[in-house]
file start-v2.txt (compact mmCIF, C-alpha atoms)
# COMPACT_ATOMS: atom_id res chain seq x y z
CA MET O 1 44.31 91.87 -16.46
CA PRO O 2 44.12 95.31 -18.13
CA GLY O 3 41.66 97.67 -16.53
CA GLU O 4 41.63 95.72 -13.23
CA THR O 5 43.16 96.90 -10.02
CA THR O 6 44.61 94.62 -7.43
CA ALA O 7 43.44 95.27 -3.90
CA ALA O 8 46.28 96.26 -1.66
CA PRO O 9 46.94 93.88 1.21
CA PRO O 10 45.70 95.15 4.58
CA PRO O 11 48.39 97.12 6.37
CA ARG O 12 50.29 95.41 9.16
CA ARG O 13 49.03 98.18 11.44
CA SER O 14 45.43 96.93 10.99
CA LEU O 15 46.36 93.40 12.12
CA TRP O 16 48.19 94.79 15.14
CA ARG O 17 45.18 96.97 15.99
CA ASN O 18 42.88 93.93 15.87
CA VAL O 19 45.19 92.03 18.20
CA MET O 20 45.23 94.95 20.65
CA VAL O 21 41.42 95.30 20.56
CA PHE O 22 41.02 91.57 21.19
CA LEU O 23 43.38 91.75 24.18
CA ALA O 24 41.34 94.68 25.52
CA VAL O 25 38.02 92.84 25.05
CA VAL O 26 39.13 89.34 26.12
CA GLY O 27 37.99 88.19 29.54
CA PRO O 28 34.26 87.59 30.05
CA GLY O 29 33.95 84.67 27.61
CA LEU O 30 37.20 83.00 28.64
CA ILE O 31 36.48 83.35 32.37
CA THR O 32 32.83 82.25 32.26
CA ALA O 33 33.55 79.12 30.24
CA ASN O 34 36.52 78.10 32.38
CA VAL O 35 34.56 78.47 35.63
CA ASP O 36 32.25 75.82 34.17
CA ASN O 37 35.08 73.40 35.04
CA ASP O 38 34.41 73.85 38.74
CA ALA O 39 34.63 71.23 41.49
CA GLY O 40 31.44 69.51 40.27
CA GLY O 41 32.52 69.54 36.63
CA ILE O 42 35.96 68.15 37.42
CA ALA O 43 34.36 65.42 39.54
CA THR O 44 32.04 64.48 36.65
CA TYR O 45 34.87 64.26 34.11
CA SER O 46 37.12 62.37 36.56
CA ILE O 47 34.44 59.76 37.24
CA ALA O 48 33.67 59.49 33.51
CA GLY O 49 37.30 58.64 32.73
CA ALA O 50 37.77 56.38 35.77
CA GLN O 51 34.63 54.33 35.17
CA PHE O 52 34.29 54.31 31.37
CA GLY O 53 37.77 55.02 30.05
CA ASN O 54 37.83 57.00 26.80
CA LYS O 55 34.30 56.01 25.74
CA LEU O 56 32.76 59.43 26.49
CA LEU O 57 35.41 61.60 24.81
CA TRP O 58 33.31 61.89 21.65
CA THR O 59 30.65 63.85 23.54
CA LEU O 60 33.02 66.82 23.94
CA VAL O 61 32.58 67.91 20.30
CA PRO O 62 28.77 68.44 20.46
CA ILE O 63 29.19 69.79 24.01
CA THR O 64 31.57 72.49 22.75
CA ILE O 65 29.18 73.47 19.95
CA ALA O 66 26.25 73.74 22.40
CA LEU O 67 28.29 75.84 24.81
CA ILE O 68 29.45 78.21 22.05
CA VAL O 69 25.88 78.69 20.78
CA VAL O 70 24.43 79.60 24.19
CA GLN O 71 27.34 81.75 25.34
CA GLU O 72 27.47 83.65 22.06
CA MET O 73 23.84 84.69 22.43
CA SER O 74 24.48 85.98 25.97
CA ALA O 75 27.49 88.01 24.92
CA ARG O 76 25.70 89.41 21.85
CA MET O 77 22.73 90.57 23.92
CA GLY O 78 25.05 92.25 26.41
CA VAL O 79 27.05 94.07 23.75
CA MET O 80 24.10 95.16 21.61
CA THR O 81 21.76 96.25 24.43
CA GLY O 82 24.19 97.35 27.13
CA LYS O 83 21.98 95.51 29.64
CA GLY O 84 22.32 92.35 31.70
CA LEU O 85 20.09 89.33 31.20
CA ALA O 86 18.20 89.97 34.46
CA ASP O 87 17.48 93.52 33.27
CA LEU O 88 16.07 92.27 29.98
CA ILE O 89 13.93 89.58 31.63
CA ARG O 90 12.44 92.11 34.06
CA GLU O 91 11.70 94.64 31.30
CA ASN O 92 10.12 92.12 28.94
CA PHE O 93 8.52 89.48 31.18
CA GLY O 94 7.65 91.39 34.33
CA VAL O 95 8.75 91.76 37.93
CA LYS O 96 6.92 88.67 39.27
CA VAL O 97 8.61 86.29 36.85
CA THR O 98 11.95 87.93 37.55
CA PHE O 99 11.49 87.66 41.33
CA TRP O 100 10.89 83.90 41.28
CA ILE O 101 13.77 83.31 38.87
CA MET O 102 16.11 85.33 41.08
CA LEU O 103 14.97 83.50 44.21
CA ALA O 104 15.59 80.11 42.62
CA LEU O 105 18.98 81.21 41.28
CA LEU O 106 19.96 82.52 44.71
CA VAL O 107 19.11 79.17 46.34
CA ALA O 108 20.95 77.21 43.64
CA ASP O 109 24.04 79.41 43.75
CA VAL O 110 24.33 79.21 47.53
CA GLY O 111 24.34 75.42 47.17
CA ASN O 112 26.89 75.61 44.37
CA THR O 113 29.12 77.91 46.46
CA ILE O 114 29.00 75.40 49.32
CA ALA O 115 30.15 72.75 46.84
CA GLU O 116 33.08 74.94 45.77
CA PHE O 117 34.29 75.48 49.35
CA SER O 118 33.92 71.75 49.87
CA GLY O 119 36.23 71.32 46.86
CA VAL O 120 38.72 73.74 48.42
CA ALA O 121 38.74 71.72 51.66
CA ALA O 122 39.11 68.37 49.87
CA SER O 123 41.88 69.48 47.51
CA LEU O 124 44.04 71.14 50.18
CA ASP O 125 43.50 68.19 52.51
CA ILE O 126 45.60 66.19 50.03
CA PHE O 127 48.47 68.58 50.82
CA GLY O 128 47.88 68.23 54.55
CA VAL O 129 46.08 71.56 55.10
CA PRO O 130 43.22 71.16 57.61
CA THR O 131 39.72 72.32 56.70
CA TRP O 132 39.48 74.74 59.64
CA LEU O 133 42.38 76.66 58.07
CA SER O 134 41.88 76.22 54.31
CA VAL O 135 38.20 77.22 54.09
CA PRO O 136 38.29 80.45 56.19
CA ALA O 137 41.55 81.55 54.53
CA THR O 138 40.12 80.97 51.06
CA ALA O 139 36.85 82.74 51.94
CA LEU O 140 38.79 85.77 53.20
CA ALA O 141 40.97 85.85 50.05
CA VAL O 142 37.89 85.58 47.83
CA TRP O 143 36.12 88.38 49.71
CA LEU O 144 39.10 90.76 49.72
CA LEU O 145 39.77 90.17 46.02
CA VAL O 146 36.36 91.49 45.00
CA LEU O 147 35.99 94.07 47.76
CA LYS O 148 39.36 95.77 47.28
CA GLY O 149 40.02 95.25 43.58
CA THR O 150 38.79 97.09 40.49
CA TYR O 151 37.07 95.20 37.68
CA ARG O 152 40.24 95.11 35.59
CA GLN O 153 42.39 93.95 38.52
CA VAL O 154 39.95 91.18 39.41
CA GLU O 155 39.67 90.14 35.77
CA LYS O 156 43.47 89.82 35.52
CA VAL O 157 43.48 87.51 38.55
CA PHE O 158 40.73 85.43 36.92
CA LEU O 159 42.66 85.21 33.64
CA VAL O 160 45.74 83.97 35.53
CA ALA O 161 43.50 81.37 37.20
CA CYS O 162 42.46 80.22 33.72
CA LEU O 163 46.14 79.52 32.95
CA VAL O 164 46.41 77.26 36.01
CA TYR O 165 44.10 74.78 34.27
CA LEU O 166 47.25 73.79 32.35
CA ALA O 167 47.91 71.55 35.37
CA TYR O 168 45.48 69.02 33.87
CA PRO O 169 47.21 68.61 30.47
CA VAL O 170 50.56 68.27 32.27
CA SER O 171 49.20 65.61 34.65
CA THR O 172 47.72 63.80 31.65
CA PHE O 173 51.06 63.63 29.82
CA LEU O 174 52.65 62.29 33.01
CA ALA O 175 50.05 59.49 32.87
CA HIS O 176 51.36 58.37 29.43
CA PRO O 177 48.04 57.52 27.70
CA ASP O 178 47.82 55.65 24.39
CA TRP O 179 47.25 58.67 22.16
CA GLY O 180 46.14 56.59 19.17
CA THR O 181 43.31 55.07 21.21
CA VAL O 182 42.47 58.49 22.65
CA LEU O 183 42.18 60.15 19.23
CA ARG O 184 40.02 57.35 17.83
CA ALA O 185 37.68 57.55 20.82
CA SER O 186 37.42 61.33 20.37
CA VAL O 187 35.84 61.04 16.93
CA THR O 188 33.98 57.72 17.24
CA PRO O 189 30.60 57.84 18.99
CA SER O 190 30.19 55.01 21.49
CA PHE O 191 26.93 53.86 23.04
CA GLN O 192 26.02 51.39 25.73
CA LEU O 193 22.53 50.48 26.88
CA GLY O 194 23.46 50.23 30.54
CA GLY O 195 21.85 52.74 32.87
CA ASP O 196 25.19 53.74 34.40
CA TYR O 197 26.62 54.67 30.99
CA VAL O 198 23.52 56.64 29.99
CA GLY O 199 23.52 58.42 33.33
CA MET O 200 27.18 59.40 32.99
CA LEU O 201 26.69 60.51 29.37
CA ILE O 202 23.88 62.79 30.47
CA GLY O 203 25.95 64.00 33.41
CA VAL O 204 28.87 64.96 31.14
CA VAL O 205 26.57 66.85 28.77
CA GLY O 206 24.46 68.34 31.56
CA THR O 207 27.42 69.78 33.45
CA THR O 208 28.21 72.02 30.46
CA ILE O 209 25.59 74.76 30.69
CA ALA O 210 24.44 76.27 33.98
CA PRO O 211 21.92 79.12 34.42
CA TRP O 212 24.35 81.40 36.31
CA MET O 213 26.79 81.39 33.36
CA GLN O 214 24.46 83.27 31.05
CA PHE O 215 23.77 85.99 33.63
CA TYR O 216 27.41 86.42 34.60
CA LEU O 217 28.73 86.55 31.03
CA GLN O 218 26.21 89.16 29.95
CA SER O 219 26.81 91.28 33.08
CA ALA O 220 30.59 91.05 32.66
CA VAL O 221 30.39 92.13 29.01
CA VAL O 222 28.27 95.13 30.05
CA GLU O 223 30.55 96.15 32.93
CA LYS O 224 33.61 95.80 30.69
CA GLY O 225 31.93 98.26 28.30
CA VAL O 226 32.35 96.28 25.08
CA LYS O 227 30.99 98.33 22.17
CA PRO O 228 29.00 96.91 19.22
CA GLU O 229 31.86 97.74 16.83
CA HIS O 230 34.10 95.40 18.84
CA TYR O 231 31.62 92.54 19.06
CA ALA O 232 33.61 90.33 16.65
CA HIS O 233 36.45 90.34 19.16
CA SER O 234 34.07 89.57 22.03
CA ARG O 235 32.61 86.66 20.06
CA LEU O 236 36.14 85.32 19.53
CA ASP O 237 36.69 85.58 23.29
CA VAL O 238 33.58 83.42 23.83
CA ILE O 239 34.58 80.82 21.22
CA VAL O 240 38.16 80.52 22.49
CA GLY O 241 36.90 80.20 26.08
CA CYS O 242 34.43 77.43 25.21
CA ILE O 243 37.07 75.47 23.28
CA ILE O 244 39.67 75.78 26.04
CA THR O 245 37.28 74.66 28.78
CA ASP O 246 36.38 71.50 26.90
CA VAL O 247 40.02 70.81 26.02
CA VAL O 248 40.65 70.84 29.78
CA ALA O 249 37.73 68.43 30.24
CA PHE O 250 39.30 66.22 27.56
CA PHE O 251 42.57 65.98 29.47
CA ILE O 252 40.82 65.25 32.78
CA ILE O 253 38.96 62.31 31.23
CA VAL O 254 42.09 61.02 29.48
CA ALA O 255 44.21 61.21 32.66
CA CYS O 256 41.74 59.10 34.64
CA ALA O 257 41.06 56.77 31.69
CA ALA O 258 44.79 56.04 31.28
CA THR O 259 45.47 55.33 34.95
CA ILE O 260 42.44 54.47 37.08
CA PHE O 261 40.18 52.78 34.51
CA PRO O 262 42.58 49.89 33.62
CA THR O 263 42.94 48.95 37.30
CA GLY O 264 39.20 48.43 37.81
CA MET O 265 39.22 50.96 40.67
CA GLY O 266 36.87 53.30 38.78
CA ALA O 267 33.75 52.06 40.54
CA ARG O 268 35.19 53.34 43.83
CA ILE O 269 35.90 56.84 42.51
CA GLU O 270 33.08 59.19 43.50
CA SER O 271 34.80 62.58 43.57
CA ALA O 272 37.62 64.60 42.00
CA GLU O 273 39.76 64.44 45.15
CA GLN O 274 39.53 60.63 45.19
CA ALA O 275 40.70 60.63 41.56
CA ALA O 276 43.63 62.89 42.49
CA VAL O 277 44.68 60.54 45.30
CA ALA O 278 44.30 57.48 43.06
CA LEU O 279 46.59 59.02 40.43
CA GLY O 280 49.50 59.03 42.90
CA PRO O 281 50.56 55.35 42.82
CA LEU O 282 49.51 55.00 39.15
CA ALA O 283 51.00 58.06 37.45
CA GLY O 284 53.35 59.41 40.10
CA ARG O 285 52.89 61.85 42.95
CA HIS O 286 53.57 64.85 40.70
CA ALA O 287 50.58 63.97 38.52
CA SER O 288 48.49 63.54 41.67
CA TRP O 289 49.60 66.90 43.09
CA LEU O 290 48.97 68.70 39.81
CA PHE O 291 45.50 67.20 39.62
CA ALA O 292 44.75 68.25 43.21
CA PHE O 293 46.17 71.73 42.62
CA GLY O 294 43.97 72.06 39.55
CA LEU O 295 40.95 71.13 41.70
CA PHE O 296 41.88 73.77 44.27
CA ASN O 297 42.28 76.42 41.56
CA ALA O 298 38.93 75.51 40.01
CA SER O 299 37.17 75.57 43.39
CA PHE O 300 38.75 78.91 44.39
CA PHE O 301 37.92 80.37 40.98
CA ALA O 302 34.28 79.25 41.12
CA ALA O 303 33.89 80.24 44.80
CA THR O 304 34.71 83.79 43.67
CA ILE O 305 32.66 83.88 40.47
CA LEU O 306 29.43 82.21 41.63
CA PRO O 307 28.66 84.68 44.46
CA LEU O 308 29.74 87.50 42.15
CA ALA O 309 27.40 86.32 39.40
CA THR O 310 24.56 86.08 41.92
CA ALA O 311 25.18 89.59 43.24
CA TYR O 312 25.25 90.94 39.68
CA TYR O 313 21.98 89.52 38.45
CA VAL O 314 19.97 90.00 41.66
CA CYS O 315 20.98 93.68 41.76
CA GLU O 316 20.21 94.07 38.05
CA ALA O 317 16.80 92.48 38.51
CA PHE O 318 15.77 94.95 41.21
CA GLY O 319 17.50 98.04 39.86
CA TRP O 320 20.21 98.23 42.56
CA GLU O 321 23.69 99.54 41.87
CA SER O 322 26.23 96.83 41.11
CA GLY O 323 29.79 96.44 39.90
CA ILE O 324 33.28 95.76 41.23
CA ASP O 325 34.39 99.28 40.30
CA LYS O 326 31.92 100.78 42.77
CA LYS O 327 32.66 101.40 46.46
CA TRP O 328 30.70 99.67 49.23
CA GLY O 329 28.70 102.81 49.94
CA GLU O 330 27.71 103.08 46.27
CA ALA O 331 26.56 99.45 45.96
CA LYS O 332 25.62 98.23 49.44
CA GLN O 333 23.21 95.54 48.24
CA PHE O 334 25.78 94.22 45.73
CA TYR O 335 28.61 93.86 48.24
CA GLY O 336 26.29 92.79 51.05
CA LEU O 337 24.88 89.95 48.95
CA TYR O 338 28.35 88.89 47.81
CA THR O 339 29.64 88.89 51.39
CA GLY O 340 26.65 86.92 52.68
CA ILE O 341 26.94 84.16 50.06
CA VAL O 342 30.70 83.75 50.58
CA ALA O 343 30.33 83.68 54.38
CA LEU O 344 27.42 81.22 54.29
CA GLY O 345 29.13 78.92 51.78
CA ALA O 346 32.30 78.73 53.87
CA ALA O 347 30.51 78.42 57.22
CA VAL O 348 28.36 75.46 56.13
CA VAL O 349 31.42 73.44 55.08
CA LEU O 350 32.88 73.93 58.57
CA ILE O 351 29.82 72.49 60.34
CA PRO O 352 30.63 68.91 61.48
CA GLY O 353 28.20 66.34 60.14
CA PHE O 354 26.35 68.81 57.91
CA PRO O 355 24.56 66.96 55.06
CA LEU O 356 26.62 68.50 52.24
CA LEU O 357 25.49 65.89 49.72
CA ARG O 358 21.82 66.78 50.19
CA VAL O 359 22.52 70.51 49.74
CA ILE O 360 24.60 69.97 46.61
CA LEU O 361 22.02 67.61 45.08
CA ALA O 362 19.21 70.04 45.90
CA SER O 363 21.07 72.90 44.21
CA GLN O 364 21.57 70.75 41.11
CA VAL O 365 17.83 70.01 41.03
CA VAL O 366 17.03 73.74 41.21
CA ASN O 367 19.60 74.44 38.47
CA GLY O 368 18.03 71.76 36.31
CA ILE O 369 14.53 73.14 36.74
CA LEU O 370 15.69 76.68 35.92
CA LEU O 371 17.85 75.99 32.87
CA PRO O 372 15.03 75.30 30.37
CA ALA O 373 13.24 78.53 31.36
CA ILE O 374 16.44 80.58 31.07
CA LEU O 375 17.28 79.15 27.64
CA ILE O 376 13.76 79.85 26.34
CA PHE O 377 13.81 83.41 27.71
CA MET O 378 17.17 83.96 26.02
CA LEU O 379 15.91 82.73 22.66
CA LEU O 380 12.80 84.89 22.84
CA LEU O 381 14.88 87.94 23.74
CA VAL O 382 17.63 87.43 21.18
CA ASN O 383 15.03 87.02 18.39
CA ASP O 384 13.09 90.17 19.34
CA ARG O 385 13.90 92.88 16.78
CA ARG O 386 12.69 95.59 19.18
CA ILE O 387 15.57 94.63 21.44
CA MET O 388 18.27 93.36 19.09
CA GLY O 389 17.51 95.14 15.82
CA LYS O 390 19.39 93.51 12.96
CA HIS O 391 21.42 91.41 15.40
CA VAL O 392 18.74 88.75 15.95
CA ASN O 393 19.63 85.11 15.29
CA GLY O 394 19.84 84.02 11.68
CA ARG O 395 17.80 81.06 10.40
CA TRP O 396 20.60 78.51 10.65
CA PHE O 397 21.81 79.78 14.00
CA ASN O 398 18.26 79.66 15.33
CA GLY O 399 17.94 76.07 14.17
CA ILE O 400 21.09 75.10 16.05
CA ALA O 401 20.09 77.17 19.10
CA TRP O 402 16.57 75.71 19.40
CA THR O 403 17.88 72.18 18.80
CA THR O 404 20.47 72.71 21.52
CA THR O 405 17.77 74.03 23.85
CA VAL O 406 15.42 71.10 23.23
CA VAL O 407 18.24 68.58 23.77
CA MET O 408 19.39 70.36 26.94
CA ILE O 409 15.81 70.41 28.27
CA GLY O 410 15.49 66.66 27.73
CA LEU O 411 18.84 65.88 29.33
CA THR O 412 18.21 68.27 32.20
CA ALA O 413 14.81 66.68 32.90
CA TRP O 414 16.53 63.30 33.22
CA LEU O 415 19.16 64.81 35.54
CA VAL O 416 16.54 66.45 37.74
CA ILE O 417 14.68 63.13 38.14
CA ASP O 418 17.93 61.28 38.86
CA ASN O 419 19.09 63.87 41.41
CA LEU O 420 15.69 63.87 43.10
CA ARG O 421 15.93 60.10 43.39
CA LYS O 422 19.39 60.41 44.96
CA LEU O 423 18.24 63.25 47.21
CA LEU O 424 15.29 61.30 48.55
CA GLY O 425 17.45 58.25 49.08
CA ALA O 426 20.46 60.07 50.56

call {"tool": "encode", "arguments": {"input": "start-v2.txt", "output": "structure tokens"}}
result
Amino acid sequence: MPGETTAAPPPRRSLWRNVMVFLAVVGPGLITANVDNDAGGIATYSIAGAQFGNKLLWTLVPITIALIVVQEMSARMGVMTGKGLADLIRENFGVKVTFWIMLALLVADVGNTIAEFSGVAASLDIFGVPTWLSVPATALAVWLLVLKGTYRQVEKVFLVACLVYLAYPVSTFLAHPDWGTVLRASVTPSFQLGGDYVGMLIGVVGTTIAPWMQFYLQSAVVEKGVKPEHYAHSRLDVIVGCIITDVVAFFIIVACAATIFPTGMGARIESAEQAAVALGPLAGRHASWLFAFGLFNASFFAATILPLATAYYVCEAFGWESGIDKKWGEAKQFYGLYTGIVALGAAVVLIPGFPLLRVILASQVVNGILLPAILIFMLLLVNDRRIMGKHVNGRWFNGIAWTTTVVMIGLTAWLVIDNLRKLLGA
């Protein structure tokens, strides 16, 4: 119309610049979310598909929303404050509180690391590699990767590891599921009153958010040096990572639902490696190998990240130097702690007759007890204007965040009780 001016379309150069900034910022969100699909997570999704078919697929939509909400707050605090979560907890809640949180996290993460090396041993055993060779070799590779690499080099290796999760979609297509049934189950909530179904539903939801994830993501964002003006790109990194990790979970459930569930063998599947072996005669050995390779990748990935996350937040909590870009002499506590956790995790798996199940269950109990406290601390911090300024949660986001926290606390309480029951009866 006369007198009006038409806004010029944004130059192509601006779009290209945004793409380049995103590629520079991408990493922490994608890596943290994908490590959530570790040996324990893959086992949970495999058992869910093997025992209940597609009936739990619908849970992945609310799970993804919950994961995005929590991870976004961690990344935002890291970008806007330039400090890790352990730093902020110490500064705002005191040294004593921080000490006990760090101690509990250390115990839980040692147990989780043992579980990851157990996953390495089990997955490579399918390919005929003995435990005495696979576990020490993996531990050495994990240690050298962090000790000798820079942050950017290590991050590139982690991003490549994220791509290896494509093994699960490929193995799923080789299983030839009924995609119409799969899609209907994905959008149709299904409930059963049986205790086994409820327990598995809670297990699938509860495996989504772990305490270490929030500490690692925030520390990684800080070490990467993401600036507030680039936060939109960092948030996209978080969202994409959360979606991808639950898409992988979707394919794991579908693969086992299409092959193992119809045979009635699901009740005998108690681990991811058993699911991988069972896929062989049902979907072909290539599907079985891909599934096992995906388990090895996830276990290797998590066996690197979990000790690294622990070293980050313990050093932050006590004011010690930390970071992959630093030399051993500059960050002795950081590298010493990392080395000790990796060595202990690998050594325990090599001990004949060691009660691995008890250790893994105990670590899950500690994780479950810690998670509610961590989520509440995060919400208090992210809503403190002295810390976050104008970047506190909005009203709607707070509603979603607190609802997510309350639901996670309830589910986690159930998981803790269930794991304690298993631990005492193991």

call {"tool": "residues_around", "arguments": {"input": "start-v2.txt", "residues": "Gly340 (chain O)", "least_positions_apart": "2", "cutoff": "12 Å", "atoms": "all atoms listed in the file", "output": "NGL selection string"}}
result
:O and (106 or 109-110 or 113 or 139 or 143 or 307-308 or 310-311 or 332-338 or 342-347)

call {"tool": "atom_distance", "arguments": {"input": "start-v2.txt", "atom1": "CA of Ala48 (chain O)", "atom2": "CA of Met200 (chain O)"}}
result
6.5 Å

call {"tool": "residues_around", "arguments": {"input": "start-v2.txt", "residues": "Gly111 (chain O)", "least_positions_apart": "5", "cutoff": "8 Å", "atoms": "all atoms listed in the file", "output": "list in words"}}
result
Gly345, Val359, Ile360, Ala362 and Ser363 of chain O

call {"tool": "residues_near_point", "arguments": {"input": "start-v2.txt", "point": "(39.5, 89.7, 48.0)", "cutoff": "12 Å", "atoms": "only C-alpha atoms", "output": "PyMOL selection string"}}
result
chain O and resi 137-151+153-154+157-158+300-301+303-305+308+324+335+338-339+342

call {"tool": "residues_near_point", "arguments": {"input": "start-v2.txt", "point": "(8.9, 76.1, 34.1)", "cutoff": "12 Å", "atoms": "all atoms listed in the file", "output": "mmCIF file with C-alpha atoms, in the coordinates of the input"}}
result
data_model
loop_
_atom_site.group_PDB
_atom_site.id
_atom_site.type_symbol
_atom_site.label_atom_id
_atom_site.label_comp_id
_atom_site.auth_asym_id
_atom_site.auth_seq_id
_atom_site.Cartn_x
_atom_site.Cartn_y
_atom_site.Cartn_z
ATOM 1 C CA VAL O 97 8.610 86.290 36.850
ATOM 2 C CA TRP O 100 10.890 83.900 41.280
ATOM 3 C CA ILE O 101 13.770 83.310 38.870
ATOM 4 C CA ALA O 104 15.590 80.110 42.620
ATOM 5 C CA VAL O 366 17.030 73.740 41.210
ATOM 6 C CA ASN O 367 19.600 74.440 38.470
ATOM 7 C CA GLY O 368 18.030 71.760 36.310
ATOM 8 C CA ILE O 369 14.530 73.140 36.740
ATOM 9 C CA LEU O 370 15.690 76.680 35.920
ATOM 10 C CA LEU O 371 17.850 75.990 32.870
ATOM 11 C CA PRO O 372 15.030 75.300 30.370
ATOM 12 C CA ALA O 373 13.240 78.530 31.360
ATOM 13 C CA ILE O 374 16.440 80.580 31.070
ATOM 14 C CA LEU O 375 17.280 79.150 27.640
ATOM 15 C CA ILE O 376 13.760 79.850 26.340
ATOM 16 C CA PHE O 377 13.810 83.410 27.710
ATOM 17 C CA ILE O 409 15.810 70.410 28.270
ATOM 18 C CA ALA O 413 14.810 66.680 32.900
#

call {"tool": "residues_around", "arguments": {"input": "start-v2.txt", "residues": "Trp132 (chain O)", "least_positions_apart": "3", "cutoff": "7 Å", "atoms": "all atoms listed in the file", "output": "ChimeraX atom specification"}}
result
/O:135-136,350

call {"tool": "atom_distance", "arguments": {"input": "start-v2.txt", "atom1": "CA of Ala302 (chain O)", "atom2": "CA of Thr405 (chain O)"}}
result
24.5 Å
